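Below is the file run-v5.csv, which contains CSV, C-alpha atoms.
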```csv
chain,number,residue,atom,x,y,z
A,21,LEU,CA,0.0,0.0,0.0
A,22,PRO,CA,1.2,3.5,-0.6
A,23,PRO,CA,2.1,5.8,2.3
A,24,GLY,CA,-1.0,6.8,4.2
A,25,ASN,CA,-3.1,4.6,1.9
A,26,PHE,CA,-3.2,7.5,-0.5
A,27,PHE,CA,-2.8,6.7,-4.2
A,28,PHE,CA,-3.3,8.7,-7.3
A,29,PHE,CA,-2.1,8.3,-10.8
A,30,PRO,CA,1.0,10.5,-11.3
A,31,LEU,CA,-0.5,12.8,-13.9
A,32,PRO,CA,0.6,16.4,-14.0
A,33,TRP,CA,-2.9,17.8,-13.5
A,34,LEU,CA,-3.4,15.7,-10.4
A,35,PHE,CA,0.0,16.7,-8.9
A,36,SER,CA,-0.9,20.3,-8.9
A,37,GLN,CA,-4.1,19.6,-6.9
A,38,LEU,CA,-2.8,16.9,-4.6
A,39,ALA,CA,0.9,17.7,-3.9
A,40,ASP,CA,0.3,19.4,-0.6
A,41,ARG,CA,-1.8,16.4,0.7
A,42,GLN,CA,0.9,14.0,-0.5
A,43,LEU,CA,3.6,16.0,1.3
A,44,LYS,CA,1.7,15.8,4.6
A,45,ILE,CA,1.3,12.1,4.2
A,46,LEU,CA,5.0,11.6,3.4
A,47,ALA,CA,5.9,13.6,6.5
A,48,ALA,CA,3.6,11.5,8.7
A,49,SER,CA,4.2,8.1,7.1
A,50,PRO,CA,7.4,8.2,5.0
A,51,PRO,CA,8.2,5.1,2.9
A,52,ASP,CA,11.6,3.5,3.3
A,53,TYR,CA,12.2,3.6,-0.5
A,54,ILE,CA,11.1,5.7,-3.5
A,55,ILE,CA,11.6,4.4,-7.0
A,56,PHE,CA,11.9,7.4,-9.3
A,57,ASN,CA,12.1,7.8,-13.1
A,58,PRO,CA,13.6,11.2,-13.8
A,59,GLU,CA,12.8,10.7,-17.5
A,60,SER,CA,9.1,10.2,-17.0
A,61,ARG,CA,6.8,12.5,-19.0
A,62,VAL,CA,3.1,12.9,-19.5
A,63,ASP,CA,2.0,15.0,-22.4
A,64,GLY,CA,5.5,16.4,-22.5
A,65,ILE,CA,5.4,17.6,-18.9
A,66,THR,CA,8.0,16.2,-16.5
A,67,ILE,CA,7.5,15.7,-12.7
A,68,PHE,CA,10.1,18.4,-12.2
A,69,THR,CA,7.6,20.9,-13.6
A,70,SER,CA,4.4,19.4,-12.3
A,71,ALA,CA,5.5,18.4,-8.8
A,72,PRO,CA,8.5,20.4,-7.8
A,73,LYS,CA,7.7,20.3,-4.0
A,74,LEU,CA,7.5,16.5,-4.1
A,75,VAL,CA,10.8,16.3,-5.9
A,76,GLN,CA,12.4,18.6,-3.5
A,77,TYR,CA,11.1,16.7,-0.5
A,78,MET,CA,12.5,13.5,-2.0
A,79,ARG,CA,15.9,15.1,-2.5
A,80,ASP,CA,15.9,16.5,1.1
A,81,HIS,CA,14.9,13.3,2.9
A,82,TYR,CA,16.2,10.5,0.7
A,83,GLN,CA,19.5,9.5,-0.9
A,84,ILE,CA,20.1,7.6,-4.0
A,85,GLU,CA,21.0,4.0,-3.2
A,86,ALA,CA,21.0,2.5,-6.7
A,87,THR,CA,20.3,3.1,-10.4
A,88,VAL,CA,18.8,0.3,-12.4
A,89,SER,CA,17.8,0.7,-16.0
A,90,GLY,CA,17.5,4.5,-15.6
A,91,LEU,CA,15.3,4.2,-12.4
A,92,LEU,CA,16.7,5.8,-9.3
A,93,TYR,CA,16.2,4.0,-6.0
A,94,TYR,CA,16.1,6.4,-3.1
A,95,HIS,CA,16.4,5.3,0.5
A,96,ARG,CA,15.2,7.4,3.4
A,97,ILE,CA,18.0,9.1,5.3
```

Re-express the file's structure as structure tokens.
Amino acid sequence: LPPGNFFFFPLPWLFSQLADRQLKILAASPPDYIIFNPESRVDGITIFTSAPKLVQYMRDHYQIEATVSGLLYYHRI
């Protein structure tokens, strides 16, 4: 199950509406690992553009443990 049992499809138009809620859940119930695809795009929009707060949270609280086939595996600090 996702942290806080909160799941939504990672689409740019949903990130803008749900990012603050997701940040609160991550702070209260942080997962041990995050698998991140920095090349992911939806309609040409990257997560760096659609969810900058979530990307910054990940960078502040997690460190890269491995890279496999272009996916970054972050582990909670």

- Query: Rounded to one decimal in Å, what is the spacing between CA of Phe29 in chain A and CA of Asp63 in chain A?
  - Reply: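 Value for the CA of Phe29 in chain A-CA of Asp63 in chain A distance: 14.0 Å.
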
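Residue nearest Leu38 in chain A, chosen from A:Ile97, A:Phe26, A:Arg79, A:Leu91 and counting all atoms listed in the file: A:Phe26.
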
- Message: One number please: CA of Val62 in chain A to CA of Ala47 in chain A, in Å, one decimal.
- Response: 26.2 Å

- Which residue out of A:Asn25, A:Ser36, A:Thr87, A:Asn57 has the minimum interatomic distance to Pro72 in chain A when only C-alpha atoms are used?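 The shortest atom-to-atom distance to Pro72 in chain A comes from A:Ser36.
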
- Message: Residues near Tyr94 in chain A, anyone? I mean within 9 Å using all atoms listed in the file, not counting same-chain ones fewer than 4 positions away, as a list in words.
- Response: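 In the requested format, the answer is Asp52, Tyr53, Ile54, Ile55, Phe56, Met78, Arg79, Tyr82, Gln83, Ile84, Glu85 and Ala86 of chain A.
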
- Suppose you want the space between CA of Pro30 in chain A and CA of Leu74 in chain A; what is it in Å? 11.4 Å

- Query: Which one is closest to Leu92 in chain A: A:Tyr77, A:Ile67, A:Glu59, A:Ser49? Count all atoms listed in the file.
  - Reply: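 Going through A:Tyr77, A:Ile67, A:Glu59, A:Ser49 one by one, the smallest distance to Leu92 in chain A is for A:Glu59.
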
- Check the smallest atom-to-atom distance from each of A:Asp80, A:Asp40, A:Ser89, A:Lys73 to Pro58 in chain A using all atoms listed in the file, then report the winner.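 Checking each candidate against Pro58 in chain A, we get A:Ser89 as the closest.
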
- Message: Restricting the calculation to all atoms listed in the file: of A:His95, A:Gln42, A:Leu31, A:Val88, which residue gets closest to Ser70 in chain A?
- Response: A:Leu31

- Check the smallest atom-to-atom distance from each of A:Val75, A:Gly24, A:Leu34, A:Thr69 to Ala48 in chain A using only C-alpha atoms, then report the winner. A:Gly24

Starting from the incomplete input, reconstruct all heavy atoms of range 30-41 of chain A and write that as a compact mmCIF listing (two decimals), in the coordinates of the input.
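Generated file (rebuild-v6.txt):
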```txt
# COMPACT_ATOMS: atom_id res chain seq x y z
N PRO A 30 0.09 9.33 -11.21
CA PRO A 30 1.00 10.50 -11.30
C PRO A 30 0.88 11.25 -12.58
O PRO A 30 1.73 11.21 -13.45
CB PRO A 30 2.39 9.76 -11.18
CG PRO A 30 2.16 8.40 -11.74
CD PRO A 30 0.75 8.04 -11.36
N LEU A 31 -0.21 11.96 -12.69
CA LEU A 31 -0.50 12.80 -13.90
C LEU A 31 -0.30 14.24 -13.49
O LEU A 31 -0.67 14.66 -12.38
CB LEU A 31 -1.91 12.54 -14.36
CG LEU A 31 -2.22 11.08 -14.74
CD1 LEU A 31 -3.70 10.91 -15.00
CD2 LEU A 31 -1.38 10.65 -15.94
N PRO A 32 0.28 15.04 -14.38
CA PRO A 32 0.60 16.40 -14.00
C PRO A 32 -0.57 17.22 -13.47
O PRO A 32 -0.41 17.99 -12.52
CB PRO A 32 1.05 17.04 -15.37
CG PRO A 32 1.51 15.88 -16.17
CD PRO A 32 0.66 14.71 -15.74
N TRP A 33 -1.77 17.05 -14.02
CA TRP A 33 -2.90 17.80 -13.50
C TRP A 33 -3.37 17.38 -12.16
O TRP A 33 -4.03 18.13 -11.46
CB TRP A 33 -4.05 17.80 -14.55
CG TRP A 33 -4.36 16.44 -15.08
CD1 TRP A 33 -5.22 15.54 -14.56
CD2 TRP A 33 -3.78 15.81 -16.22
NE1 TRP A 33 -5.22 14.38 -15.29
CE2 TRP A 33 -4.34 14.52 -16.33
CE3 TRP A 33 -2.82 16.20 -17.16
CZ2 TRP A 33 -4.00 13.63 -17.33
CZ3 TRP A 33 -2.48 15.31 -18.16
CH2 TRP A 33 -3.06 14.05 -18.25
N LEU A 34 -3.02 16.16 -11.74
CA LEU A 34 -3.40 15.70 -10.40
C LEU A 34 -2.31 16.18 -9.38
O LEU A 34 -2.63 16.50 -8.24
CB LEU A 34 -3.50 14.20 -10.34
CG LEU A 34 -4.69 13.63 -11.11
CD1 LEU A 34 -4.68 12.10 -11.05
CD2 LEU A 34 -5.99 14.18 -10.57
N PHE A 35 -1.04 16.21 -9.78
CA PHE A 35 0.00 16.70 -8.90
C PHE A 35 -0.28 18.09 -8.39
O PHE A 35 -0.12 18.38 -7.22
CB PHE A 35 1.38 16.66 -9.55
CG PHE A 35 2.07 15.32 -9.50
CD1 PHE A 35 2.56 14.74 -10.66
CD2 PHE A 35 2.26 14.66 -8.31
CE1 PHE A 35 3.20 13.52 -10.63
CE2 PHE A 35 2.90 13.44 -8.26
CZ PHE A 35 3.38 12.87 -9.42
N SER A 36 -0.70 18.95 -9.30
CA SER A 36 -0.90 20.30 -8.90
C SER A 36 -2.05 20.44 -7.86
O SER A 36 -2.03 21.32 -7.01
CB SER A 36 -1.26 21.20 -10.12
OG SER A 36 -2.44 20.74 -10.75
N GLN A 37 -3.00 19.53 -7.88
CA GLN A 37 -4.10 19.60 -6.90
C GLN A 37 -3.83 18.79 -5.65
O GLN A 37 -4.39 19.10 -4.60
CB GLN A 37 -5.36 18.98 -7.58
CG GLN A 37 -5.86 19.77 -8.77
CD GLN A 37 -7.04 19.10 -9.44
OE1 GLN A 37 -7.68 18.22 -8.88
NE2 GLN A 37 -7.34 19.51 -10.65
N LEU A 38 -2.96 17.78 -5.72
CA LEU A 38 -2.80 16.90 -4.60
C LEU A 38 -1.41 16.88 -3.95
O LEU A 38 -1.16 16.16 -2.99
CB LEU A 38 -3.13 15.43 -5.05
CG LEU A 38 -4.55 15.24 -5.58
CD1 LEU A 38 -4.71 13.85 -6.19
CD2 LEU A 38 -5.56 15.45 -4.47
N ALA A 39 -0.50 17.70 -4.45
CA ALA A 39 0.90 17.70 -3.90
C ALA A 39 0.95 18.02 -2.46
O ALA A 39 1.68 17.36 -1.71
CB ALA A 39 1.75 18.65 -4.75
N ASP A 40 0.22 19.02 -1.99
CA ASP A 40 0.30 19.40 -0.60
C ASP A 40 -0.22 18.25 0.32
O ASP A 40 0.37 17.97 1.37
CB ASP A 40 -0.50 20.67 -0.30
CG ASP A 40 0.18 21.89 -0.89
OD1 ASP A 40 1.41 21.87 -1.08
OD2 ASP A 40 -0.53 22.88 -1.18
N ARG A 41 -1.28 17.59 -0.11
CA ARG A 41 -1.80 16.40 0.70
C ARG A 41 -0.76 15.32 0.69
O ARG A 41 -0.52 14.70 1.73
CB ARG A 41 -3.10 15.96 0.05
CG ARG A 41 -3.72 14.82 0.82
CD ARG A 41 -5.09 14.48 0.29
NE ARG A 41 -5.61 13.32 0.97
CZ ARG A 41 -6.64 12.63 0.55
NH1 ARG A 41 -7.28 13.00 -0.54
NH2 ARG A 41 -7.06 11.58 1.22
```
